[in-house]
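Student: Mind looking over this structure? Questions follow.
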Amino acid sequence: MAEMKTYAGACHCGQVQYEAQTDLAQVVSCNCSICSKRGLLLTFVPPEQFKPVAGVDSQKLYQFNKKVIDHLFCPTCGVESYGTGKGPDGKQMYAINVRCLDGVDVSTLTPMPFNGRDR
Ligand SMILES: [Zn+2]
């Protein structure tokens with residue numbers, strides 16, 4: 001059983017830093033247009049489990065399609081270390097790019113395919 005841990009997340013250059021609490025029980029590999037191009041592996045956490053540490057306000061915003069998700073990326077290195085948006089229930093959610101978390105071996109994860117392309 002996966003345990004809840006606090007992970008340090010950051011973009012490549014380190015300008016953007018945050019902490020995310022997650023058990024990594026649900027990691028999603030989405031086939032939508034942006035996830036497939038960016039190679040995102042995502043896990044979703046509520047705001048209580050997300051703590052900005054540095055540089056989050058310096059990020060660039062990218063939106064497309066219905067513009068309901070804020071895709072944020074570092075203006076220096078271009079890495080999207082997380083995104084944010086509202087879930088189906090209207091609650092704010094953070095989509096954490098698992099590849100940007102320290103100490104996570106992505107080869108040990110079994111990402112769940114998510115059919116974002118057809119939504
Ligand atoms: Zn960066």
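A note on labels: chains of the structure tokens are A, B, ... as shown, every chain counts residues from 1, and ligands are counted from 1 in their shown order.
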Do a neighbour search on Ser29 of chain A at 7 Å with only C-alpha atoms, toss out local chain neighbours closer than 5 positions, and write the hits as a PyMOL selection string.

Tutor: chain A and resi 40-42+111-114

Student: Please return, as a list in words, all residues of chain A that DSSP assigns to alpha helix (DSSP H) on the basis of the backbone.

Tutor: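 In chain A, DSSP puts these residues in alpha helix (DSSP H): Ser33, Ile34, Cys35, Ser36, Lys37 and Arg38 of chain A.
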
Student: Collect all residues with atoms no farther than 7 Å from ligand 1, counting only C-alpha atoms and all ligand atoms, and output them as a CSV table (one decimal) with C-alpha atoms, in the first residue's frame.

Tutor:
chain,number,residue,atom,x,y,z
A,11,CYS,CA,11.1,22.7,-12.7
A,12,HIS,CA,14.4,21.9,-14.4
A,13,CYS,CA,16.3,25.1,-13.4
A,14,GLY,CA,14.8,25.3,-9.9
A,15,GLN,CA,13.1,28.7,-10.3
A,16,VAL,CA,9.8,27.1,-9.6
A,74,CYS,CA,8.8,28.1,-16.0
A,75,PRO,CA,9.8,31.0,-18.2
A,76,THR,CA,13.5,30.1,-18.0
A,77,CYS,CA,13.6,26.3,-18.6
A,78,GLY,CA,10.1,25.8,-20.0
A,79,VAL,CA,9.2,22.8,-17.8

Student: If we count only C-alpha atoms, what is near segment 68-71 of chain A at a cut-off of 9 Å, once residues fewer than 4 positions away on the same chain are taken out, given as a short mmCIF file (atom, residue, chain, number, x, y, z; two decimals) with N, CA and C atoms, in the first residue's frame?

Tutor:
data_model
loop_
_atom_site.label_atom_id
_atom_site.label_comp_id
_atom_site.auth_asym_id
_atom_site.auth_seq_id
_atom_site.Cartn_x
_atom_site.Cartn_y
_atom_site.Cartn_z
N LYS A 60 4.74 31.23 -16.69
CA LYS A 60 3.91 31.58 -17.83
C LYS A 60 2.69 30.68 -17.83
N LEU A 61 1.62 31.23 -18.35
CA LEU A 61 0.36 30.50 -18.42
C LEU A 61 0.06 30.12 -19.86
N TYR A 62 -0.33 28.88 -20.04
CA TYR A 62 -0.77 28.43 -21.36
C TYR A 62 -2.12 27.75 -21.22
N GLN A 63 -3.05 28.18 -22.06
CA GLN A 63 -4.38 27.57 -22.05
C GLN A 63 -4.78 27.26 -23.47
N PHE A 64 -5.61 26.23 -23.62
CA PHE A 64 -6.11 25.90 -24.94
C PHE A 64 -7.46 25.24 -24.81
N GLU A 80 6.88 22.34 -17.44
CA GLU A 80 5.60 22.40 -16.73
C GLU A 80 5.67 21.41 -15.59
N TYR A 82 3.71 21.53 -12.85
CA TYR A 82 2.35 21.23 -12.43
C TYR A 82 1.39 22.14 -13.20
N GLY A 83 0.14 21.77 -13.17
CA GLY A 83 -0.90 22.63 -13.71
C GLY A 83 -2.00 22.72 -12.67
N THR A 84 -2.97 23.57 -12.92
CA THR A 84 -4.06 23.65 -11.97
C THR A 84 -5.37 23.97 -12.71
N GLY A 85 -6.45 23.57 -12.07
CA GLY A 85 -7.75 23.80 -12.68
C GLY A 85 -8.81 23.27 -11.75
N LYS A 86 -10.05 23.40 -12.20
CA LYS A 86 -11.15 22.91 -11.38
C LYS A 86 -11.59 21.54 -11.85
#

Student: Quick check, in Å to one decimal: how far apart do atom CA of Pro88 of chain A and atom CA of Gly55 of chain A lie?

Tutor: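 Separation between atom CA of Pro88 of chain A and atom CA of Gly55 of chain A: 28.1 Å.
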
Student: Tell me which of A:Met93, A:Val45, A:Leu72, A:Leu101 sits closest to Tyr18 of chain A, counting only C-alpha atoms.

Tutor: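 So, comparing all the options, the nearest one is A:Leu101.
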
Student: Skipping near chain neighbours, those fewer than 3 positions away, what residues fall within 12 Å of Gly103 of chain A using only C-alpha atoms, listed as a PyMOL selection string?

Tutor: chain A and resi 5-10+24+98-100+106-108

Student: Just the selected residues (all heavy atoms), exported as a short mmCIF file (atom, residue, chain, number, x, y, z; two decimals), in the first residue's frame, please.

Tutor:
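Writing done, so here's part_30.cif:
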data_model
loop_
_atom_site.label_atom_id
_atom_site.label_comp_id
_atom_site.auth_asym_id
_atom_site.auth_seq_id
_atom_site.Cartn_x
_atom_site.Cartn_y
_atom_site.Cartn_z
N LYS A 5 3.29 10.79 1.30
CA LYS A 5 4.56 11.43 1.59
C LYS A 5 4.54 12.86 1.03
O LYS A 5 3.75 13.19 0.17
CB LYS A 5 5.71 10.67 0.91
CG LYS A 5 6.05 9.38 1.58
CD LYS A 5 7.52 9.00 1.44
CE LYS A 5 7.96 8.70 0.03
NZ LYS A 5 9.25 7.98 -0.03
N THR A 6 5.43 13.66 1.56
CA THR A 6 5.60 15.01 1.02
C THR A 6 6.79 14.99 0.07
O THR A 6 7.90 14.62 0.46
CB THR A 6 5.83 16.03 2.14
OG1 THR A 6 4.70 16.00 3.01
CG2 THR A 6 5.98 17.43 1.57
N TYR A 7 6.53 15.35 -1.16
CA TYR A 7 7.58 15.36 -2.17
C TYR A 7 7.93 16.80 -2.53
O TYR A 7 7.05 17.67 -2.56
CB TYR A 7 7.11 14.65 -3.44
CG TYR A 7 6.90 13.17 -3.27
CD1 TYR A 7 5.66 12.68 -2.93
CD2 TYR A 7 7.96 12.28 -3.45
CE1 TYR A 7 5.46 11.31 -2.76
CE2 TYR A 7 7.77 10.92 -3.30
CZ TYR A 7 6.52 10.43 -2.96
OH TYR A 7 6.32 9.10 -2.79
N ALA A 8 9.19 17.02 -2.81
CA ALA A 8 9.62 18.31 -3.32
C ALA A 8 9.55 18.27 -4.83
O ALA A 8 10.07 17.34 -5.46
CB ALA A 8 11.04 18.61 -2.86
N GLY A 9 8.88 19.26 -5.39
CA GLY A 9 8.76 19.34 -6.84
C GLY A 9 9.41 20.60 -7.35
O GLY A 9 9.45 21.61 -6.65
N ALA A 10 9.92 20.55 -8.56
CA ALA A 10 10.55 21.74 -9.14
C ALA A 10 10.63 21.60 -10.65
O ALA A 10 10.55 20.50 -11.20
CB ALA A 10 11.95 21.93 -8.56
N LEU A 24 0.86 8.77 -4.47
CA LEU A 24 1.15 8.31 -5.84
C LEU A 24 0.35 7.07 -6.21
O LEU A 24 0.77 6.29 -7.07
CB LEU A 24 2.65 8.06 -6.02
CG LEU A 24 3.55 9.30 -5.94
CD1 LEU A 24 5.01 8.90 -6.02
CD2 LEU A 24 3.21 10.30 -7.03
N VAL A 98 4.49 14.19 -12.10
CA VAL A 98 5.23 13.27 -11.24
C VAL A 98 6.71 13.22 -11.62
O VAL A 98 7.57 12.99 -10.78
CB VAL A 98 4.58 11.87 -11.33
CG1 VAL A 98 5.39 10.83 -10.59
CG2 VAL A 98 3.16 11.92 -10.77
N ARG A 99 7.00 13.48 -12.86
CA ARG A 99 8.40 13.47 -13.31
C ARG A 99 9.22 14.59 -12.68
O ARG A 99 10.45 14.57 -12.74
CB ARG A 99 8.47 13.62 -14.83
CG ARG A 99 7.87 12.45 -15.60
CD ARG A 99 8.09 12.66 -17.09
NE ARG A 99 7.39 11.68 -17.90
CZ ARG A 99 7.87 10.47 -18.16
NH1 ARG A 99 9.03 10.11 -17.69
NH2 ARG A 99 7.17 9.65 -18.91
N CYS A 100 8.54 15.57 -12.11
CA CYS A 100 9.23 16.71 -11.50
C CYS A 100 9.40 16.58 -10.00
O CYS A 100 9.89 17.49 -9.35
CB CYS A 100 8.49 18.00 -11.81
SG CYS A 100 8.58 18.47 -13.55
N VAL A 106 10.02 6.85 -11.73
CA VAL A 106 8.82 6.69 -12.55
C VAL A 106 8.71 5.28 -13.14
O VAL A 106 7.62 4.84 -13.50
CB VAL A 106 8.72 7.74 -13.68
CG1 VAL A 106 8.45 9.12 -13.12
CG2 VAL A 106 9.94 7.73 -14.56
N SER A 107 9.83 4.56 -13.20
CA SER A 107 9.76 3.21 -13.75
C SER A 107 9.03 2.24 -12.81
O SER A 107 8.62 1.15 -13.21
CB SER A 107 11.17 2.68 -14.05
OG SER A 107 11.87 2.45 -12.84
N THR A 108 8.87 2.65 -11.53
CA THR A 108 8.16 1.78 -10.59
C THR A 108 6.66 2.06 -10.56
O THR A 108 5.91 1.39 -9.88
CB THR A 108 8.70 1.97 -9.15
OG1 THR A 108 8.42 3.31 -8.72
CG2 THR A 108 10.20 1.72 -9.08
#

Student: Nearest to Val104 of chain A among A:Asp57, A:Gln17, A:Asp23, A:Asn65, with distances taken over only C-alpha atoms: which residue is it?

Tutor: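 The closest residue to Val104 of chain A is A:Asp23.
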
Student: Can you tell me how far atom CA of Ala25 of chain A sits from atom CA of Ile96 of chain A, in Å to one decimal?

Tutor: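 Here the two named atoms are 12.9 Å from each other.
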